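First comes the structure, then the notes that go with it.
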Amino acid sequence: MPTIQATKIQCFHCGEDCTTDNIRLNEKIFCCEGCKMVYQVIDQGGLCTYYDLNKNPGINQRIIVRTDKFAFLEDKKIQQQLISFRDDEQTRVTFYLPQIHCSSCLYLLENLYKFDPGIISSKVNFTRKEVEIVFGTKGTSLRRCAELITSIGYEPYISLNDLEEKRPPINKSMIYQLGVAGFCFGNIMLMSFPEYLGIDASEVGLRTLFRSVNFILAFPVLLYSALPFYQSAWKSLKHKFLNIDAPIALAIIITFIRSASEVISGTGGGYFDSMSGIVFFMLAGRILQDKTYRQLSFERDYTSYFPIAISVLKDEKEIPTTLPEIKAGDTLLIHNEELIPADGILTKGKAFIDYSFVTGESLPVPKEVGEIVYAGGKQTGTNIELLVIKEVTQSYLTRLWSRDEFKQANQKKNTSFVHSLARYFTYILLSLVIITATYWWMNDVSRVWSAVTAMLIIACPCALLLSNTFTNGNVLRILGRNHFYLRNAQTIEDIAAADHIVFDKTGTLTSTQEHDIVYKGKLLSKAQQKQVASLARCSSHPLSRALASSIGFDPNVVPTSFREIAGKGIEGFVANVLVSLGSFEFVTGAKRNSIGTAVFVSFDGNPCGIYHFHNHYRKLVPLLFERLKRTYKLSVISGDNDAEAENLRQVAGSGADLLFEQKPEDKLRFVQLLQRRGSKVMMIGDGLNDAGALKQSNVGIAVAEQNNNFTPASDAIIDAGKLSQLDRFIYLCKANRNIVMASFILSIVYNIIGLFFAVQGTLSPLIAAILMPSSSLSILLITFGSSNLLAKWLKL
Amino acid sequence: MGVIILLLIASVSVATIFLGAFLWSVKSGQFEDDYSPASRILFEDKPSSSTNNSDSKKPLQVCK
């Protein structure tokens, strides 16, 4: 095959390889007109620092946004939903810009006022990839703002989801409580030292002073910082259920009462430091736990992917209309690269619909006038018109999403083994307390109180809870670093428990970006191959595009004239030879049955051969199957016909079940069937057609090819490039349980030591003060250390 | 003894100031975005008013 070019030229704006060096401005070379335009805007705004901060910071602009795309922002009702604040002077709006990725972006977007004097200020939130723009209500408009940031390469992402209610702000009260607890803990600890170090008995006044300061400092902890534990314990008691927070709340209150009585009666210093220590460490663990259990943005439904508005044709005019207002019988105008929001009949134009969003299939499907087009596809090519037959909420796609199965699926939560262990712990502790109390009651009544309170203080289950929280948090972090994002900590256990893995084929095992192209027929010379490529490049059909990029393109060979019949093929003169590419019917004129995805080629009317397009399996997938099949049952399930069966068998190996021609419902039912046979199913899929199976399975993992790609609702998202490491991720999840168990055992050892003193009624505040933090800290070390070591060993 | 009481008051009040600073920083959202403030401070902010009047006579600066 011919090589492309000796030296690669990078686009000054976006850094992609340029196929031609014709697009120039100010001696800079660009890959496309879009990038050049953005450069021009930035240059004229005097913000060239954009290019100095980072090398080629721009975002590729090959797909140019059509001019009146944001016309719908003129609509008052839509404006109201998007704008966070407005008065006569200024308006405030926040846009989500998924393209934000470096400090150049930050620089450019915070200098928007230099482009448009109507803009007062703009501020970027980098983590959320949002920009908040404040503009003069009279100076400019919402639409102009959106168009401005689009013109510099940051098209705002406005979806139907934005029309719905805003998310509530994050609750910070627990962080305040942690801060207060930390403050009190530290100070109480400091003031307790004199007592531990044996303050001179003559200094009674000083000792009383330290004790009373401790007493005062303990109040905020008792009354404010520990609130979450009381609330949780009370809630569970109301439901007649003993959760782990009940002994914690009890321990806090008992410790306080005992310490207060000691201080008031002057008999001792109390355990205020242990009490505030418990609250501090438990709160830290609780915040971390909330963070790991917080639902990542996995609960996405179709509203996050659908546009907010679409053009409806009425009396030959384009009227931007919000999706909920679209009625059956409306005519929609769908532009290039726009999503089809409702099922409809194609009435005008040539449709090439990219359903990769729904099925994972990479090649667009051609549709003729009169055919039904389902929602969820993306039109590529020219504009089309569509007569709506079903409203947005009634369409095939959205109904799939709102199936009842999915709603029930949310109830499979809170089955973690930690909860049952914690409950045992509570029962054992309470019975031990009762036994000790009765023993001392019969032998030495004066020691009942001190023994019982000491037991409750020392046997607090915090180390138990912390070990779980910290291990999970660290494992989630390690996996996230490797582009494997779990919905929450519960998913770790689900992954470890799975014993049957079901793979979707299209888009999961195969790549949506690449194809294997195999040529069969008469041998073609290099020159002929170049002619094919140069003609194929002129076509808008995705197969031709794929063909052109696989052969490679030579800028010296250009067709002198060509003619394309959309959906059929293309023919033209290249170097005085008539080359035709396309379907068998187009190239030869004769009819023939389809033989899979293929392009025929002829030179001067002589058919020469066929380019076959095969799915391109991701790298290392066969190796992954090889490793997984030792411990797991494997199945591959595909919506396609079995043309690929042989290829797939080679990839998947002999052990795997292969199923073909499975509709979305079939996939779901297959998972159900496996579950009824007692398997714990891990489903790995990508498109919406897997959404049902992903939800039904015990753990559903969605494969995402690009960062901002669509993924159906799932328990985890894995980056496509990391799929081959799946077995190592699973191993880490399994080890997670062992680490938690090991630290459990350690914390129980600590508890036994403490209880040994406590049952005898001889627990001194000093021993409590040493045991408490040291158990928490050693658990921290063990969980973090061992999970990090393991990750290193697994090369994650 | 008097000195110890004085020191006690001093240390607790310093700690209180830090507690207040922490609560304020959480409240004002300083932990929400840890990337932009760090890079924002590095931008050389050329006086923005100059782009409107004096700069307009000069030829447009060209990106390097």
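Going through the structure tokens in order, the chains are called A, B, and so on, while each chain numbers its residues from 1 and the ligands are numbered from 1 in the order shown.
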
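The protein and nucleic acid residues lying at most 10 Å from Leu796 of chain A are Ile478, Leu479, Arg481, Asn482, Gln725, Arg728, Phe729, Leu732, Asn788, Leu790 and Ala791 of chain A, with only C-alpha atoms considered and sequence neighbours fewer than 5 positions away removed.
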
Which residues are close to segment 23-37 of chain B, i.e. within 9 Å by only C-alpha atoms, leaving aside same-chain residues fewer than 6 positions away? Reply as an MDAnalysis selection string. chainID A and resid 103 106 124:128 172 175:176 179:180

Would you put the residues from that selection into a file with C-alpha atoms, as a compact mmCIF listing (two decimals), in the first residue's frame?
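The resulting file, selection.txt, is shown below:
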# COMPACT_ATOMS: atom_id res chain seq x y z
CA SER A 103 -5.29 26.16 30.67
CA LEU A 106 -9.48 28.62 30.59
CA VAL A 124 -14.69 28.72 34.23
CA ASN A 125 -15.24 25.86 36.62
CA PHE A 126 -12.65 23.44 35.33
CA THR A 127 -13.73 20.34 37.23
CA ARG A 128 -17.32 20.63 36.10
CA LYS A 172 -21.65 20.77 52.91
CA ILE A 175 -17.76 18.98 56.20
CA TYR A 176 -18.49 21.76 58.67
CA GLY A 179 -14.09 20.77 60.86
CA VAL A 180 -15.66 21.45 64.25

Proximity of chain A to chain B: per-residue shortest pair, 10 Å limit, only C-alpha atoms, as a tab-separated table:
residue	atom	partner	partner_atom	distance
A:Asn26	CA	B:Val62	CA	7.6
A:Glu27	CA	B:Lys64	CA	9.6
A:Lys28	CA	B:Lys64	CA	9.0
A:Tyr39	CA	B:Cys63	CA	9.0
A:Gln40	CA	B:Cys63	CA	9.8
A:Ile42	CA	B:Cys63	CA	9.1
A:Asp43	CA	B:Cys63	CA	6.5
A:Gln44	CA	B:Leu60	CA	7.0
A:Gly45	CA	B:Thr51	CA	8.7
A:Gly46	CA	B:Gln61	CA	6.6
A:Leu47	CA	B:Cys63	CA	8.4
A:Cys48	CA	B:Cys63	CA	5.1
A:Thr49	CA	B:Cys63	CA	7.8
A:Tyr50	CA	B:Cys63	CA	9.0
A:Tyr51	CA	B:Cys63	CA	7.4
A:Asp52	CA	B:Lys64	CA	7.7
A:Leu53	CA	B:Phe43	CA	8.8
A:Cys102	CA	B:Ser39	CA	9.4
A:Ser103	CA	B:Ser39	CA	6.3
A:Ser104	CA	B:Ser39	CA	9.3
A:Leu106	CA	B:Ser36	CA	7.1
A:Tyr107	CA	B:Phe43	CA	7.2
A:Glu110	CA	B:Arg40	CA	9.1
A:Asn111	CA	B:Ser48	CA	9.2
A:Tyr113	CA	B:Ser48	CA	9.1
A:Lys114	CA	B:Ser48	CA	7.5
A:Pro117	CA	B:Asn52	CA	9.7
A:Lys123	CA	B:Ser36	CA	9.3
A:Val124	CA	B:Ser36	CA	7.1
A:Asn125	CA	B:Asp33	CA	6.1
A:Phe126	CA	B:Ser36	CA	5.8
A:Thr127	CA	B:Asp33	CA	5.6
A:Arg128	CA	B:Asp33	CA	7.9
A:Lys129	CA	B:Asp33	CA	9.9
A:Lys172	CA	B:Val26	CA	7.8
A:Ser173	CA	B:Lys27	CA	9.6
A:Ile175	CA	B:Val26	CA	7.9
A:Tyr176	CA	B:Leu23	CA	6.2
A:Gln177	CA	B:Leu23	CA	9.5
A:Leu178	CA	B:Leu23	CA	10.0
A:Gly179	CA	B:Leu19	CA	6.7
A:Val180	CA	B:Leu19	CA	7.1
A:Gly182	CA	B:Leu19	CA	8.9
A:Phe183	CA	B:Leu19	CA	6.6
A:Cys184	CA	B:Ala15	CA	9.4
A:Gly186	CA	B:Ala15	CA	9.3
A:Asn187	CA	B:Val12	CA	7.4
A:Met191	CA	B:Leu8	CA	9.0
A:Glu203	CA	B:Met1	CA	9.1
A:Gly205	CA	B:Met1	CA	9.0
A:Leu206	CA	B:Met1	CA	7.4
A:Leu209	CA	B:Ile5	CA	8.6
A:Phe210	CA	B:Leu8	CA	9.2
A:Val213	CA	B:Leu8	CA	9.5

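Across the model, the gap from atom CA of Ile495 of chain A to atom CA of Ser775 of chain A is 29.2 Å.
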
Give me the residues near Ile492 of chain A as a ChimeraX atom specification, where near means some atom within 9 Å (using only C-alpha atoms) and where sequence neighbours in that chain fewer than 3 positions away do not count. /A:472,475-476,486,488-489,495-497,730,732-734,736-737

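Atom to atom, atom CA of Arg669 of chain A and atom CA of Ser638 of chain A stand 13.5 Å apart.
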
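With distances restricted to only C-alpha atoms, A:Tyr374 is the closest residue to Ile389 of chain A from A:Phe503, A:Phe193, A:Tyr374, A:Tyr157.
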
Using DSSP secondary structure from the backbone, list all helix (DSSP H, G or I) positions within segment 150-389 of chain A, as number ranges by chain. A: 150-151, 160-163, 173-196, 204-225, 227-238, 245-265, 272-293, 302-304, 323-325, 356-359

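When only C-alpha atoms are used to compute distances to Ser525 of chain A, the closest of the residues A:Cys608, A:Leu465, A:Val759, A:Leu109 turns out to be A:Cys608.
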
Contacts of segment 443-450 of chain A at 10 Å (only C-alpha atoms; same-chain gap of 2+ positions) as a ChimeraX atom specification: /A:258,433,436-441,452-455,758-763

Suppose we keep N, CA, C and O atoms; can you now write the selection as a PDB file, in the first residue's frame?
ATOM      1  N   ARG A 258     -20.608   9.701  81.227  1.00  0.00           N
ATOM      2  CA  ARG A 258     -19.645   9.232  82.221  1.00  0.00           C
ATOM      3  C   ARG A 258     -18.563  10.276  82.462  1.00  0.00           C
ATOM      4  O   ARG A 258     -18.212  10.572  83.611  1.00  0.00           O
ATOM      5  N   VAL A 433     -22.010  -6.930  77.052  1.00  0.00           N
ATOM      6  CA  VAL A 433     -22.265  -5.873  78.041  1.00  0.00           C
ATOM      7  C   VAL A 433     -23.193  -6.404  79.128  1.00  0.00           C
ATOM      8  O   VAL A 433     -22.952  -6.208  80.332  1.00  0.00           O
ATOM      9  N   THR A 436     -21.355  -8.917  81.396  1.00  0.00           N
ATOM     10  CA  THR A 436     -20.448  -8.235  82.317  1.00  0.00           C
ATOM     11  C   THR A 436     -21.219  -7.536  83.425  1.00  0.00           C
ATOM     12  O   THR A 436     -20.846  -7.608  84.613  1.00  0.00           O
ATOM     13  N   ALA A 437     -22.297  -6.880  83.033  1.00  0.00           N
ATOM     14  CA  ALA A 437     -23.087  -6.139  84.013  1.00  0.00           C
ATOM     15  C   ALA A 437     -23.624  -7.074  85.090  1.00  0.00           C
ATOM     16  O   ALA A 437     -23.533  -6.789  86.294  1.00  0.00           O
ATOM     17  N   THR A 438     -24.184  -8.227  84.663  1.00  0.00           N
ATOM     18  CA  THR A 438     -24.745  -9.155  85.667  1.00  0.00           C
ATOM     19  C   THR A 438     -23.637  -9.714  86.546  1.00  0.00           C
ATOM     20  O   THR A 438     -23.817  -9.895  87.745  1.00  0.00           O
ATOM     21  N   TYR A 439     -22.437  -9.973  85.949  1.00  0.00           N
ATOM     22  CA  TYR A 439     -21.336 -10.506  86.739  1.00  0.00           C
ATOM     23  C   TYR A 439     -20.971  -9.559  87.867  1.00  0.00           C
ATOM     24  O   TYR A 439     -20.893  -9.937  89.031  1.00  0.00           O
ATOM     25  N   TRP A 440     -20.754  -8.286  87.476  1.00  0.00           N
ATOM     26  CA  TRP A 440     -20.351  -7.313  88.494  1.00  0.00           C
ATOM     27  C   TRP A 440     -21.490  -7.028  89.462  1.00  0.00           C
ATOM     28  O   TRP A 440     -21.277  -6.729  90.630  1.00  0.00           O
ATOM     29  N   TRP A 441     -22.693  -7.106  89.006  1.00  0.00           N
ATOM     30  CA  TRP A 441     -23.871  -6.896  89.852  1.00  0.00           C
ATOM     31  C   TRP A 441     -23.848  -7.877  91.015  1.00  0.00           C
ATOM     32  O   TRP A 441     -24.153  -7.533  92.144  1.00  0.00           O
ATOM     33  N   VAL A 452     -19.399  -1.191  82.378  1.00  0.00           N
ATOM     34  CA  VAL A 452     -20.326  -1.115  81.243  1.00  0.00           C
ATOM     35  C   VAL A 452     -20.008   0.070  80.345  1.00  0.00           C
ATOM     36  O   VAL A 452     -19.902  -0.061  79.124  1.00  0.00           O
ATOM     37  N   THR A 453     -19.812   1.235  80.944  1.00  0.00           N
ATOM     38  CA  THR A 453     -19.515   2.401  80.121  1.00  0.00           C
ATOM     39  C   THR A 453     -18.199   2.222  79.387  1.00  0.00           C
ATOM     40  O   THR A 453     -18.085   2.551  78.197  1.00  0.00           O
ATOM     41  N   ALA A 454     -17.202   1.680  80.072  1.00  0.00           N
ATOM     42  CA  ALA A 454     -15.899   1.488  79.426  1.00  0.00           C
ATOM     43  C   ALA A 454     -16.027   0.559  78.229  1.00  0.00           C
ATOM     44  O   ALA A 454     -15.418   0.772  77.176  1.00  0.00           O
ATOM     45  N   MET A 455     -16.849  -0.488  78.360  1.00  0.00           N
ATOM     46  CA  MET A 455     -17.024  -1.418  77.239  1.00  0.00           C
ATOM     47  C   MET A 455     -17.622  -0.711  76.039  1.00  0.00           C
ATOM     48  O   MET A 455     -17.187  -0.878  74.903  1.00  0.00           O
ATOM     49  N   ALA A 758     -11.723  -3.357  79.823  1.00  0.00           N
ATOM     50  CA  ALA A 758     -13.029  -2.756  80.120  1.00  0.00           C
ATOM     51  C   ALA A 758     -13.879  -3.655  81.008  1.00  0.00           C
ATOM     52  O   ALA A 758     -14.498  -3.182  81.961  1.00  0.00           O
ATOM     53  N   VAL A 759     -13.900  -4.997  80.733  1.00  0.00           N
ATOM     54  CA  VAL A 759     -14.765  -5.867  81.539  1.00  0.00           C
ATOM     55  C   VAL A 759     -14.313  -5.891  82.995  1.00  0.00           C
ATOM     56  O   VAL A 759     -15.112  -6.103  83.889  1.00  0.00           O
ATOM     57  N   GLN A 760     -13.020  -5.652  83.208  1.00  0.00           N
ATOM     58  CA  GLN A 760     -12.556  -5.632  84.588  1.00  0.00           C
ATOM     59  C   GLN A 760     -12.814  -4.297  85.249  1.00  0.00           C
ATOM     60  O   GLN A 760     -12.553  -4.127  86.438  1.00  0.00           O
ATOM     61  N   GLY A 761     -13.286  -3.344  84.428  1.00  0.00           N
ATOM     62  CA  GLY A 761     -13.540  -2.018  84.983  1.00  0.00           C
ATOM     63  C   GLY A 761     -12.279  -1.234  85.243  1.00  0.00           C
ATOM     64  O   GLY A 761     -12.253  -0.330  86.065  1.00  0.00           O
ATOM     65  N   THR A 762     -11.170  -1.594  84.556  1.00  0.00           N
ATOM     66  CA  THR A 762      -9.898  -0.910  84.809  1.00  0.00           C
ATOM     67  C   THR A 762      -9.393  -0.162  83.579  1.00  0.00           C
ATOM     68  O   THR A 762      -8.197   0.003  83.405  1.00  0.00           O
ATOM     69  N   LEU A 763     -10.299   0.257  82.724  1.00  0.00           N
ATOM     70  CA  LEU A 763      -9.856   0.978  81.526  1.00  0.00           C
ATOM     71  C   LEU A 763      -9.545   2.418  81.898  1.00  0.00           C
ATOM     72  O   LEU A 763     -10.427   3.177  82.271  1.00  0.00           O
TER      73      LEU A 763
END

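For the atom pair formed by atom CA of Leu658 of chain A and atom CA of Thr510 of chain A, the distance is 14.7 Å, given to one decimal.
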